[in-house]
file work-v1.csv (CSV, N, CA and C atoms and all ligand atoms)
chain,number,residue,atom,x,y,z
A,1,MET,N,214.2,82.6,-81.9
A,1,MET,CA,215.2,82.8,-80.8
A,1,MET,C,216.1,81.5,-80.9
A,2,ILE,N,217.3,81.7,-80.7
A,2,ILE,CA,218.3,80.7,-80.7
A,2,ILE,C,218.8,80.4,-79.3
A,3,PHE,N,218.5,79.2,-78.8
A,3,PHE,CA,218.9,78.9,-77.4
A,3,PHE,C,220.3,78.5,-77.2
A,4,ALA,N,220.8,77.9,-78.3
A,4,ALA,CA,222.2,77.4,-78.2
A,4,ALA,C,223.2,78.5,-78.0
A,5,GLN,N,222.9,79.7,-78.5
A,5,GLN,CA,223.8,80.8,-78.4
A,5,GLN,C,223.3,81.7,-77.3
A,6,GLN,N,223.6,81.3,-76.1
A,6,GLN,CA,223.1,82.1,-74.9
A,6,GLN,C,223.9,83.4,-74.8
A,7,PRO,N,223.2,84.4,-74.4
A,7,PRO,CA,224.0,85.7,-74.2
A,7,PRO,C,225.0,85.5,-73.2
A,8,LYS,N,226.1,86.3,-73.3
A,8,LYS,CA,227.1,86.2,-72.3
A,8,LYS,C,226.5,86.8,-71.0
A,9,THR,N,226.8,86.1,-69.9
A,9,THR,CA,226.1,86.5,-68.7
A,9,THR,C,227.0,86.2,-67.5
A,10,GLN,N,226.4,86.5,-66.4
A,10,GLN,CA,227.1,86.2,-65.1
A,10,GLN,C,227.0,84.7,-64.8
A,11,ALA,N,227.6,84.2,-63.8
A,11,ALA,CA,227.5,82.8,-63.5
A,11,ALA,C,226.0,82.4,-63.2
A,12,PRO,N,225.6,81.2,-63.5
A,12,PRO,CA,224.2,80.8,-63.3
A,12,PRO,C,223.9,81.0,-61.8
A,13,ALA,N,222.6,81.3,-61.6
A,13,ALA,CA,222.1,81.6,-60.3
A,13,ALA,C,222.2,80.3,-59.4
A,14,LYS,N,222.6,80.5,-58.2
A,14,LYS,CA,222.6,79.3,-57.3
A,14,LYS,C,221.3,79.0,-56.7
A,15,ALA,N,220.4,80.0,-56.7
A,15,ALA,CA,219.1,79.8,-56.2
A,15,ALA,C,218.2,79.1,-57.3
A,16,VAL,N,217.3,78.3,-56.9
A,16,VAL,CA,216.4,77.6,-57.8
A,16,VAL,C,215.0,77.8,-57.3
A,17,LEU,N,214.1,77.7,-58.3
A,17,LEU,CA,212.7,77.7,-58.0
A,17,LEU,C,212.2,76.2,-58.2
A,18,ILE,N,211.4,75.7,-57.3
A,18,ILE,CA,211.0,74.4,-57.4
A,18,ILE,C,209.4,74.4,-57.3
A,19,THR,N,208.8,73.6,-58.2
A,19,THR,CA,207.4,73.5,-58.2
A,19,THR,C,207.0,72.1,-58.6
A,20,THR,N,205.8,71.7,-58.5
A,20,THR,CA,205.3,70.5,-59.1
A,20,THR,C,204.5,70.8,-60.3
A,21,LEU,N,204.7,69.9,-61.3
A,21,LEU,CA,204.0,70.0,-62.6
A,21,LEU,C,203.5,68.6,-63.0
A,22,PRO,N,202.6,68.5,-63.8
A,22,PRO,CA,202.2,67.1,-64.3
A,22,PRO,C,203.4,66.5,-65.0
A,23,GLY,N,203.8,65.3,-64.6
A,23,GLY,CA,204.9,64.7,-65.1
A,23,GLY,C,204.8,64.2,-66.5
A,24,SER,N,205.8,63.5,-67.0
A,24,SER,CA,205.7,63.0,-68.4
A,24,SER,C,205.2,61.5,-68.5
A,25,SER,N,204.9,61.0,-67.3
A,25,SER,CA,204.4,59.6,-67.3
A,25,SER,C,203.0,59.6,-67.8
A,26,ARG,N,202.5,58.4,-68.2
A,26,ARG,CA,201.1,58.3,-68.7
A,26,ARG,C,200.0,58.8,-67.8
A,27,ASP,N,200.2,58.6,-66.5
A,27,ASP,CA,199.2,59.1,-65.6
A,27,ASP,C,199.3,60.6,-65.2
A,28,LYS,N,200.4,61.2,-65.7
A,28,LYS,CA,200.6,62.7,-65.5
A,28,LYS,C,200.7,63.0,-64.1
A,29,ALA,N,201.2,62.1,-63.3
A,29,ALA,CA,201.4,62.4,-61.8
A,29,ALA,C,202.3,63.5,-61.7
A,30,HIS,N,202.0,64.4,-60.7
A,30,HIS,CA,202.8,65.6,-60.5
A,30,HIS,C,204.2,65.1,-59.9
A,31,CYS,N,205.2,65.8,-60.4
A,31,CYS,CA,206.6,65.6,-59.9
A,31,CYS,C,207.3,66.9,-59.8
A,32,LEU,N,208.5,66.9,-59.2
A,32,LEU,CA,209.2,68.2,-58.9
A,32,LEU,C,209.9,68.6,-60.2
A,33,TYR,N,209.8,69.9,-60.4
A,33,TYR,CA,210.6,70.5,-61.5
A,33,TYR,C,211.4,71.7,-60.9
A,34,GLU,N,212.6,71.8,-61.4
A,34,GLU,CA,213.5,72.8,-60.9
A,34,GLU,C,213.8,73.9,-62.0
A,35,TYR,N,213.6,75.1,-61.7
A,35,TYR,CA,214.0,76.2,-62.6
A,35,TYR,C,215.2,76.9,-62.1
A,36,ARG,N,216.2,77.1,-62.9
A,36,ARG,CA,217.4,77.8,-62.6
A,36,ARG,C,217.6,78.9,-63.6
A,37,LEU,N,217.7,80.1,-63.0
A,37,LEU,CA,217.9,81.3,-63.9
A,37,LEU,C,219.3,81.3,-64.5
A,38,VAL,N,219.4,81.3,-65.8
A,38,VAL,CA,220.7,81.2,-66.5
A,38,VAL,C,221.1,82.6,-66.9
A,39,TYR,N,220.1,83.4,-67.3
A,39,TYR,CA,220.5,84.8,-67.8
A,39,TYR,C,219.3,85.7,-67.5
A,40,ARG,N,219.7,86.9,-67.1
A,40,ARG,CA,218.7,88.0,-66.9
A,40,ARG,C,219.2,89.3,-67.5
A,41,GLN,N,218.5,89.9,-68.4
A,41,GLN,CA,218.9,91.2,-68.9
A,41,GLN,C,218.7,92.2,-67.8
A,42,THR,N,219.7,93.0,-67.6
A,42,THR,CA,219.6,94.0,-66.5
A,42,THR,C,219.0,95.3,-67.0
A,43,ASP,N,218.9,95.5,-68.3
A,43,ASP,CA,218.2,96.7,-68.9
A,43,ASP,C,216.8,96.4,-69.1
A,44,ALA,N,215.9,96.9,-68.3
A,44,ALA,CA,214.5,96.6,-68.4
A,44,ALA,C,213.8,97.0,-69.7
A,45,GLU,N,214.4,97.9,-70.4
A,45,GLU,CA,213.8,98.4,-71.7
A,45,GLU,C,214.5,97.7,-72.9
A,46,ALA,N,215.4,96.8,-72.7
A,46,ALA,CA,216.1,96.2,-73.8
A,46,ALA,C,215.2,95.3,-74.6
A,47,ASP,N,215.6,95.1,-75.9
A,47,ASP,CA,214.9,94.2,-76.7
A,47,ASP,C,215.7,92.9,-76.6
A,48,GLY,N,215.2,91.8,-77.2
A,48,GLY,CA,215.8,90.5,-77.2
A,48,GLY,C,215.5,89.7,-76.0
A,49,CYS,N,216.5,88.8,-75.6
A,49,CYS,CA,216.2,87.9,-74.5
A,49,CYS,C,216.3,88.7,-73.2
A,50,LEU,N,215.2,88.6,-72.4
A,50,LEU,CA,215.2,89.2,-71.1
A,50,LEU,C,215.5,88.3,-70.0
A,51,MET,N,215.1,87.0,-70.1
A,51,MET,CA,215.4,86.0,-69.1
A,51,MET,C,215.5,84.7,-69.8
A,52,LEU,N,216.4,83.8,-69.3
A,52,LEU,CA,216.6,82.5,-69.7
A,52,LEU,C,216.6,81.6,-68.5
A,53,TRP,N,215.8,80.5,-68.5
A,53,TRP,CA,215.7,79.6,-67.4
A,53,TRP,C,216.0,78.2,-67.9
A,54,GLN,N,216.7,77.4,-67.2
A,54,GLN,CA,216.9,76.0,-67.4
A,54,GLN,C,215.9,75.3,-66.6
A,55,VAL,N,215.2,74.3,-67.2
A,55,VAL,CA,214.2,73.6,-66.4
A,55,VAL,C,214.5,72.1,-66.5
A,56,VAL,N,214.6,71.5,-65.3
A,56,VAL,CA,214.8,70.0,-65.2
A,56,VAL,C,213.7,69.4,-64.4
A,57,GLY,N,213.5,68.2,-64.6
A,57,GLY,CA,212.5,67.4,-63.8
A,57,GLY,C,211.7,66.4,-64.7
A,58,GLY,N,211.6,66.7,-66.0
A,58,GLY,CA,210.9,65.8,-66.9
A,58,GLY,C,211.9,64.9,-67.5
A,59,ARG,N,211.5,64.4,-68.7
A,59,ARG,CA,212.4,63.4,-69.4
A,59,ARG,C,213.7,64.1,-69.9
A,60,GLU,N,213.6,65.4,-70.3
A,60,GLU,CA,214.7,66.1,-70.8
A,60,GLU,C,214.8,67.5,-70.2
A,61,PRO,N,215.9,68.1,-70.1
A,61,PRO,CA,216.0,69.5,-69.7
A,61,PRO,C,215.5,70.4,-70.8
A,62,TYR,N,214.9,71.4,-70.4
A,62,TYR,CA,214.4,72.4,-71.4
A,62,TYR,C,214.9,73.8,-71.0
A,63,GLN,N,214.7,74.7,-72.0
A,63,GLN,CA,215.0,76.1,-71.7
A,63,GLN,C,213.7,76.9,-71.9
A,64,VAL,N,213.5,77.8,-71.0
A,64,VAL,CA,212.3,78.7,-71.2
A,64,VAL,C,212.9,80.1,-71.2
A,65,ALA,N,212.5,80.9,-72.2
A,65,ALA,CA,213.0,82.3,-72.3
A,65,ALA,C,211.9,83.3,-72.5
A,66,LEU,N,212.1,84.5,-72.0
A,66,LEU,CA,211.2,85.6,-72.3
A,66,LEU,C,211.9,86.6,-73.1
A,67,GLU,N,211.3,86.9,-74.3
A,67,GLU,CA,211.9,87.8,-75.2
A,67,GLU,C,211.0,89.0,-75.4
A,68,ARG,N,211.6,90.2,-75.6
A,68,ARG,CA,210.9,91.3,-76.1
A,68,ARG,C,211.3,91.4,-77.6
A,69,ASP,N,210.2,91.3,-78.5
A,69,ASP,CA,210.5,91.2,-79.9
A,69,ASP,C,210.6,92.6,-80.5
A,70,GLU,N,210.8,92.7,-81.8
A,70,GLU,CA,211.0,94.0,-82.5
A,70,GLU,C,209.7,94.8,-82.4
A,71,TRP,N,208.6,94.3,-82.1
A,71,TRP,CA,207.3,95.1,-81.9
A,71,TRP,C,207.1,95.4,-80.4
A,72,ARG,N,208.1,95.2,-79.6
A,72,ARG,CA,208.0,95.4,-78.2
A,72,ARG,C,207.0,94.5,-77.4
A,73,GLN,N,206.7,93.4,-78.1
A,73,GLN,CA,205.8,92.4,-77.4
A,73,GLN,C,206.6,91.4,-76.6
A,74,LEU,N,206.1,91.0,-75.4
A,74,LEU,CA,206.8,90.0,-74.6
A,74,LEU,C,206.3,88.7,-75.1
A,75,VAL,N,207.3,87.8,-75.4
A,75,VAL,CA,207.0,86.5,-76.0
A,75,VAL,C,207.7,85.4,-75.2
A,76,TRP,N,207.0,84.4,-74.8
A,76,TRP,CA,207.6,83.3,-74.1
A,76,TRP,C,208.0,82.2,-75.1
A,77,HIS,N,209.1,81.6,-74.9
A,77,HIS,CA,209.6,80.5,-75.7
A,77,HIS,C,209.9,79.3,-74.8
A,78,CYS,N,209.8,78.1,-75.3
A,78,CYS,CA,210.2,76.9,-74.6
A,78,CYS,C,210.7,75.9,-75.6
A,79,THR,N,211.7,75.2,-75.3
A,79,THR,CA,212.3,74.2,-76.2
A,79,THR,C,211.6,72.9,-76.2
A,80,CYS,N,210.6,72.7,-75.4
A,80,CYS,CA,209.9,71.4,-75.2
A,80,CYS,C,209.1,71.1,-76.5
A,81,PRO,N,208.8,69.8,-76.7
A,81,PRO,CA,208.0,69.4,-77.9
A,81,PRO,C,206.6,70.0,-77.8
A,82,ASP,N,206.0,70.1,-76.6
A,82,ASP,CA,204.7,70.6,-76.5
A,82,ASP,C,204.6,72.0,-77.1
A,83,THR,N,205.5,72.8,-76.8
A,83,THR,CA,205.5,74.2,-77.4
A,83,THR,C,205.7,74.1,-78.9
A,84,ILE,N,206.7,73.4,-79.3
A,84,ILE,CA,207.1,73.4,-80.7
A,84,ILE,C,206.0,72.9,-81.6
A,85,TYR,N,205.3,71.8,-81.2
A,85,TYR,CA,204.3,71.3,-82.1
A,85,TYR,C,202.9,71.9,-81.9
A,86,ARG,N,202.6,72.4,-80.7
A,86,ARG,CA,201.2,72.9,-80.6
A,86,ARG,C,201.1,74.4,-80.9
A,87,ARG,N,202.2,75.1,-81.0
A,87,ARG,CA,202.1,76.5,-81.4
A,87,ARG,C,201.7,76.7,-82.8
A,88,ASP,N,201.9,75.7,-83.7
A,88,ASP,CA,201.4,75.9,-85.0
A,88,ASP,C,199.9,76.0,-85.1
A,89,GLN,N,199.2,75.2,-84.2
A,89,GLN,CA,197.7,75.3,-84.1
A,89,GLN,C,197.2,76.4,-83.3
A,90,ASN,N,198.0,76.8,-82.2
A,90,ASN,CA,197.5,77.9,-81.3
A,90,ASN,C,198.8,78.7,-81.0
A,91,PRO,N,199.0,79.8,-81.6
A,91,PRO,CA,200.1,80.7,-81.3
A,91,PRO,C,200.2,81.2,-79.9
A,92,ARG,N,199.1,81.2,-79.2
A,92,ARG,CA,199.1,81.7,-77.8
A,92,ARG,C,199.3,80.5,-76.8
A,93,HIS,N,199.5,79.3,-77.3
A,93,HIS,CA,199.7,78.2,-76.4
A,93,HIS,C,200.9,78.4,-75.5
A,94,LEU,N,200.7,78.1,-74.2
A,94,LEU,CA,201.8,78.1,-73.2
A,94,LEU,C,201.9,76.7,-72.6
A,95,CYS,N,203.1,76.2,-72.7
A,95,CYS,CA,203.3,74.8,-72.2
A,95,CYS,C,203.3,74.8,-70.6
A,96,LYS,N,203.4,73.7,-70.0
A,96,LYS,CA,203.4,73.6,-68.6
A,96,LYS,C,204.6,74.2,-68.0
A,97,HIS,N,205.7,74.2,-68.7
A,97,HIS,CA,207.0,74.8,-68.2
A,97,HIS,C,206.8,76.3,-68.0
A,98,ILE,N,206.2,76.9,-69.0
A,98,ILE,CA,206.0,78.4,-69.0
A,98,ILE,C,205.0,78.7,-67.9
A,99,LEU,N,203.9,77.9,-67.9
A,99,LEU,CA,202.8,78.2,-66.9
A,99,LEU,C,203.4,78.0,-65.5
A,100,GLY,N,204.3,77.0,-65.3
A,100,GLY,CA,204.9,76.8,-64.0
A,100,GLY,C,205.7,78.0,-63.6
A,101,LEU,N,206.5,78.5,-64.5
A,101,LEU,CA,207.3,79.7,-64.2
A,101,LEU,C,206.5,80.9,-63.9
A,102,LEU,N,205.3,81.1,-64.6
A,102,LEU,CA,204.5,82.2,-64.4
A,102,LEU,C,203.9,82.2,-63.0
A,103,GLU,N,203.9,81.1,-62.3
A,103,GLU,CA,203.5,81.1,-60.9
A,103,GLU,C,204.5,81.9,-60.0
A,104,PHE,N,205.7,82.1,-60.5
A,104,PHE,CA,206.7,82.7,-59.7
A,104,PHE,C,207.1,84.1,-60.2
A,105,VAL,N,207.1,84.3,-61.5
A,105,VAL,CA,207.6,85.6,-62.0
A,105,VAL,C,206.6,86.7,-61.8
A,106,PRO,N,207.0,87.9,-61.6
A,106,PRO,CA,206.0,89.0,-61.4
A,106,PRO,C,205.1,89.1,-62.6
A,107,PRO,N,203.8,89.4,-62.3
A,107,PRO,CA,202.8,89.5,-63.4
A,107,PRO,C,203.1,90.6,-64.3
A,108,VAL,N,203.0,90.4,-65.6
A,108,VAL,CA,203.2,91.4,-66.6
A,108,VAL,C,202.0,91.2,-67.6
A,109,GLU,N,201.9,92.1,-68.5
A,109,GLU,CA,200.9,91.9,-69.5
A,109,GLU,C,201.1,90.5,-70.1
A,110,ARG,N,200.1,89.7,-70.2
A,110,ARG,CA,200.3,88.3,-70.7
A,110,ARG,C,201.0,88.3,-72.0
A,111,PRO,N,202.2,87.8,-72.0
A,111,PRO,CA,203.0,87.8,-73.3
A,111,PRO,C,202.4,86.8,-74.3
A,112,LEU,N,202.7,87.0,-75.5
A,112,LEU,CA,202.4,86.1,-76.5
A,112,LEU,C,203.3,84.8,-76.4
A,113,ALA,N,202.8,83.8,-76.9
A,113,ALA,CA,203.6,82.5,-77.0
A,113,ALA,C,204.0,82.3,-78.4
A,114,ARG,N,205.2,81.8,-78.6
A,114,ARG,CA,205.7,81.6,-79.9
A,114,ARG,C,206.6,80.4,-79.9
A,115,ALA,N,206.6,79.6,-80.9
A,115,ALA,CA,207.5,78.4,-80.9
A,115,ALA,C,208.9,78.9,-81.0
A,116,ALA,N,209.8,78.1,-80.5
A,116,ALA,CA,211.2,78.4,-80.4
A,116,ALA,C,211.8,78.5,-81.8
A,201,ZN,ZN,207.8,73.7,-72.3

call {"tool": "encode", "arguments": {"input": "work-v1.csv", "output": "structure tokens"}}
result
Amino acid sequence: MIFAQQPKTQAPAKAVLITTLPGSSRDKAHCLYEYRLVYRQTDAEADGCLMLWQVVGGREPYQVALERDEWRQLVWHCTCPDTIYRRDQNPRHLCKHILGLLEFVPPVERPLARAA
């Protein structure tokens, strides 16, 4: 999945989701993270990118996406280093940004995790 080439979409949502997640400091103290919906596919049966979220609150902003792949599997992606490096060892690994978003989004069959 390529995050740099976002699908054409409506204006970014003005509403945001806010949660606390373990921060990036050594003590992992919880801090506020903000999720802003950047894109949402309106066709529920479509393949490709279904949702794209911008996440801020840590050292860097990241993007979290939910994709329906060519095998009709739902797959979460995140651009954070945790996802990129740990997925090689555990393809089902979900980073804190994805887990934080799963607190809000409607439950679906647990999607696979895959590095960006
Ligand atoms: Zn992440």

call {"tool": "residues_around", "arguments": {"input": "work-v1.csv", "residues": "segment 57-72 of chain A", "least_positions_apart": "2", "cutoff": "7 Å", "atoms": "all atoms listed in the file", "output": "PDB file with N, CA and C atoms, in the coordinates of the input"}}
result
ATOM      1  N   GLY A  23     203.800  65.300 -64.600  1.00  0.00           N
ATOM      2  CA  GLY A  23     204.900  64.700 -65.100  1.00  0.00           C
ATOM      3  C   GLY A  23     204.800  64.200 -66.500  1.00  0.00           C
ATOM      4  N   SER A  24     205.800  63.500 -67.000  1.00  0.00           N
ATOM      5  CA  SER A  24     205.700  63.000 -68.400  1.00  0.00           C
ATOM      6  C   SER A  24     205.200  61.500 -68.500  1.00  0.00           C
ATOM      7  N   CYS A  31     205.200  65.800 -60.400  1.00  0.00           N
ATOM      8  CA  CYS A  31     206.600  65.600 -59.900  1.00  0.00           C
ATOM      9  C   CYS A  31     207.300  66.900 -59.800  1.00  0.00           C
ATOM     10  N   LEU A  32     208.500  66.900 -59.200  1.00  0.00           N
ATOM     11  CA  LEU A  32     209.200  68.200 -58.900  1.00  0.00           C
ATOM     12  C   LEU A  32     209.900  68.600 -60.200  1.00  0.00           C
ATOM     13  N   TYR A  33     209.800  69.900 -60.400  1.00  0.00           N
ATOM     14  CA  TYR A  33     210.600  70.500 -61.500  1.00  0.00           C
ATOM     15  C   TYR A  33     211.400  71.700 -60.900  1.00  0.00           C
ATOM     16  N   GLU A  34     212.600  71.800 -61.400  1.00  0.00           N
ATOM     17  CA  GLU A  34     213.500  72.800 -60.900  1.00  0.00           C
ATOM     18  C   GLU A  34     213.800  73.900 -62.000  1.00  0.00           C
ATOM     19  N   ALA A  46     215.400  96.800 -72.700  1.00  0.00           N
ATOM     20  CA  ALA A  46     216.100  96.200 -73.800  1.00  0.00           C
ATOM     21  C   ALA A  46     215.200  95.300 -74.600  1.00  0.00           C
ATOM     22  N   ASP A  47     215.600  95.100 -75.900  1.00  0.00           N
ATOM     23  CA  ASP A  47     214.900  94.200 -76.700  1.00  0.00           C
ATOM     24  C   ASP A  47     215.700  92.900 -76.600  1.00  0.00           C
ATOM     25  N   GLY A  48     215.200  91.800 -77.200  1.00  0.00           N
ATOM     26  CA  GLY A  48     215.800  90.500 -77.200  1.00  0.00           C
ATOM     27  C   GLY A  48     215.500  89.700 -76.000  1.00  0.00           C
ATOM     28  N   CYS A  49     216.500  88.800 -75.600  1.00  0.00           N
ATOM     29  CA  CYS A  49     216.200  87.900 -74.500  1.00  0.00           C
ATOM     30  C   CYS A  49     216.300  88.700 -73.200  1.00  0.00           C
ATOM     31  N   LEU A  50     215.200  88.600 -72.400  1.00  0.00           N
ATOM     32  CA  LEU A  50     215.200  89.200 -71.100  1.00  0.00           C
ATOM     33  C   LEU A  50     215.500  88.300 -70.000  1.00  0.00           C
ATOM     34  N   MET A  51     215.100  87.000 -70.100  1.00  0.00           N
ATOM     35  CA  MET A  51     215.400  86.000 -69.100  1.00  0.00           C
ATOM     36  C   MET A  51     215.500  84.700 -69.800  1.00  0.00           C
ATOM     37  N   LEU A  52     216.400  83.800 -69.300  1.00  0.00           N
ATOM     38  CA  LEU A  52     216.600  82.500 -69.700  1.00  0.00           C
ATOM     39  C   LEU A  52     216.600  81.600 -68.500  1.00  0.00           C
ATOM     40  N   TRP A  53     215.800  80.500 -68.500  1.00  0.00           N
ATOM     41  CA  TRP A  53     215.700  79.600 -67.400  1.00  0.00           C
ATOM     42  C   TRP A  53     216.000  78.200 -67.900  1.00  0.00           C
ATOM     43  N   GLN A  54     216.700  77.400 -67.200  1.00  0.00           N
ATOM     44  CA  GLN A  54     216.900  76.000 -67.400  1.00  0.00           C
ATOM     45  C   GLN A  54     215.900  75.300 -66.600  1.00  0.00           C
ATOM     46  N   VAL A  55     215.200  74.300 -67.200  1.00  0.00           N
ATOM     47  CA  VAL A  55     214.200  73.600 -66.400  1.00  0.00           C
ATOM     48  C   VAL A  55     214.500  72.100 -66.500  1.00  0.00           C
ATOM     49  N   LEU A  74     206.100  91.000 -75.400  1.00  0.00           N
ATOM     50  CA  LEU A  74     206.800  90.000 -74.600  1.00  0.00           C
ATOM     51  C   LEU A  74     206.300  88.700 -75.100  1.00  0.00           C
ATOM     52  N   VAL A  75     207.300  87.800 -75.400  1.00  0.00           N
ATOM     53  CA  VAL A  75     207.000  86.500 -76.000  1.00  0.00           C
ATOM     54  C   VAL A  75     207.700  85.400 -75.200  1.00  0.00           C
ATOM     55  N   TRP A  76     207.000  84.400 -74.800  1.00  0.00           N
ATOM     56  CA  TRP A  76     207.600  83.300 -74.100  1.00  0.00           C
ATOM     57  C   TRP A  76     208.000  82.200 -75.100  1.00  0.00           C
ATOM     58  N   HIS A  77     209.100  81.600 -74.900  1.00  0.00           N
ATOM     59  CA  HIS A  77     209.600  80.500 -75.700  1.00  0.00           C
ATOM     60  C   HIS A  77     209.900  79.300 -74.800  1.00  0.00           C
ATOM     61  N   CYS A  78     209.800  78.100 -75.300  1.00  0.00           N
ATOM     62  CA  CYS A  78     210.200  76.900 -74.600  1.00  0.00           C
ATOM     63  C   CYS A  78     210.700  75.900 -75.600  1.00  0.00           C
ATOM     64  N   THR A  79     211.700  75.200 -75.300  1.00  0.00           N
ATOM     65  CA  THR A  79     212.300  74.200 -76.200  1.00  0.00           C
ATOM     66  C   THR A  79     211.600  72.900 -76.200  1.00  0.00           C
ATOM     67  N   CYS A  80     210.600  72.700 -75.400  1.00  0.00           N
ATOM     68  CA  CYS A  80     209.900  71.400 -75.200  1.00  0.00           C
ATOM     69  C   CYS A  80     209.100  71.100 -76.500  1.00  0.00           C
ATOM     70  N   HIS A  97     205.700  74.200 -68.700  1.00  0.00           N
ATOM     71  CA  HIS A  97     207.000  74.800 -68.200  1.00  0.00           C
ATOM     72  C   HIS A  97     206.800  76.300 -68.000  1.00  0.00           C
ATOM     73  N   ILE A  98     206.200  76.900 -69.000  1.00  0.00           N
ATOM     74  CA  ILE A  98     206.000  78.400 -69.000  1.00  0.00           C
ATOM     75  C   ILE A  98     205.000  78.700 -67.900  1.00  0.00           C
TER      76      ILE A  98
END

call {"tool": "closest_residue", "arguments": {"input": "work-v1.csv", "among": "A:Thr83, A:Gln89, A:Arg26, A:Leu21", "to": "ligand ZN 201 (chain A)", "atoms": "all atoms listed in the file"}}
result
A:Thr83

call {"tool": "atom_distance", "arguments": {"input": "work-v1.csv", "atom1": "atom CA of Thr19 of chain A", "atom2": "atom CA of Leu94 of chain A"}}
result
16.7 Å

call {"tool": "closest_residue", "arguments": {"input": "work-v1.csv", "among": "A:Ile18, A:Ala29, A:Ala44, A:Ile84", "to": "ligand ZN 201 (chain A)", "atoms": "only C-alpha atoms and all ligand atoms"}}
result
A:Ile84

call {"tool": "atom_distance", "arguments": {"input": "work-v1.csv", "atom1": "atom C of Asp88 of chain A", "atom2": "atom ZN of ligand ZN 201 (chain A)"}}
result
15.2 Å

call {"tool": "atom_distance", "arguments": {"input": "work-v1.csv", "atom1": "atom N of Tyr35 of chain A", "atom2": "atom CA of Leu17 of chain A"}}
result
4.6 Å
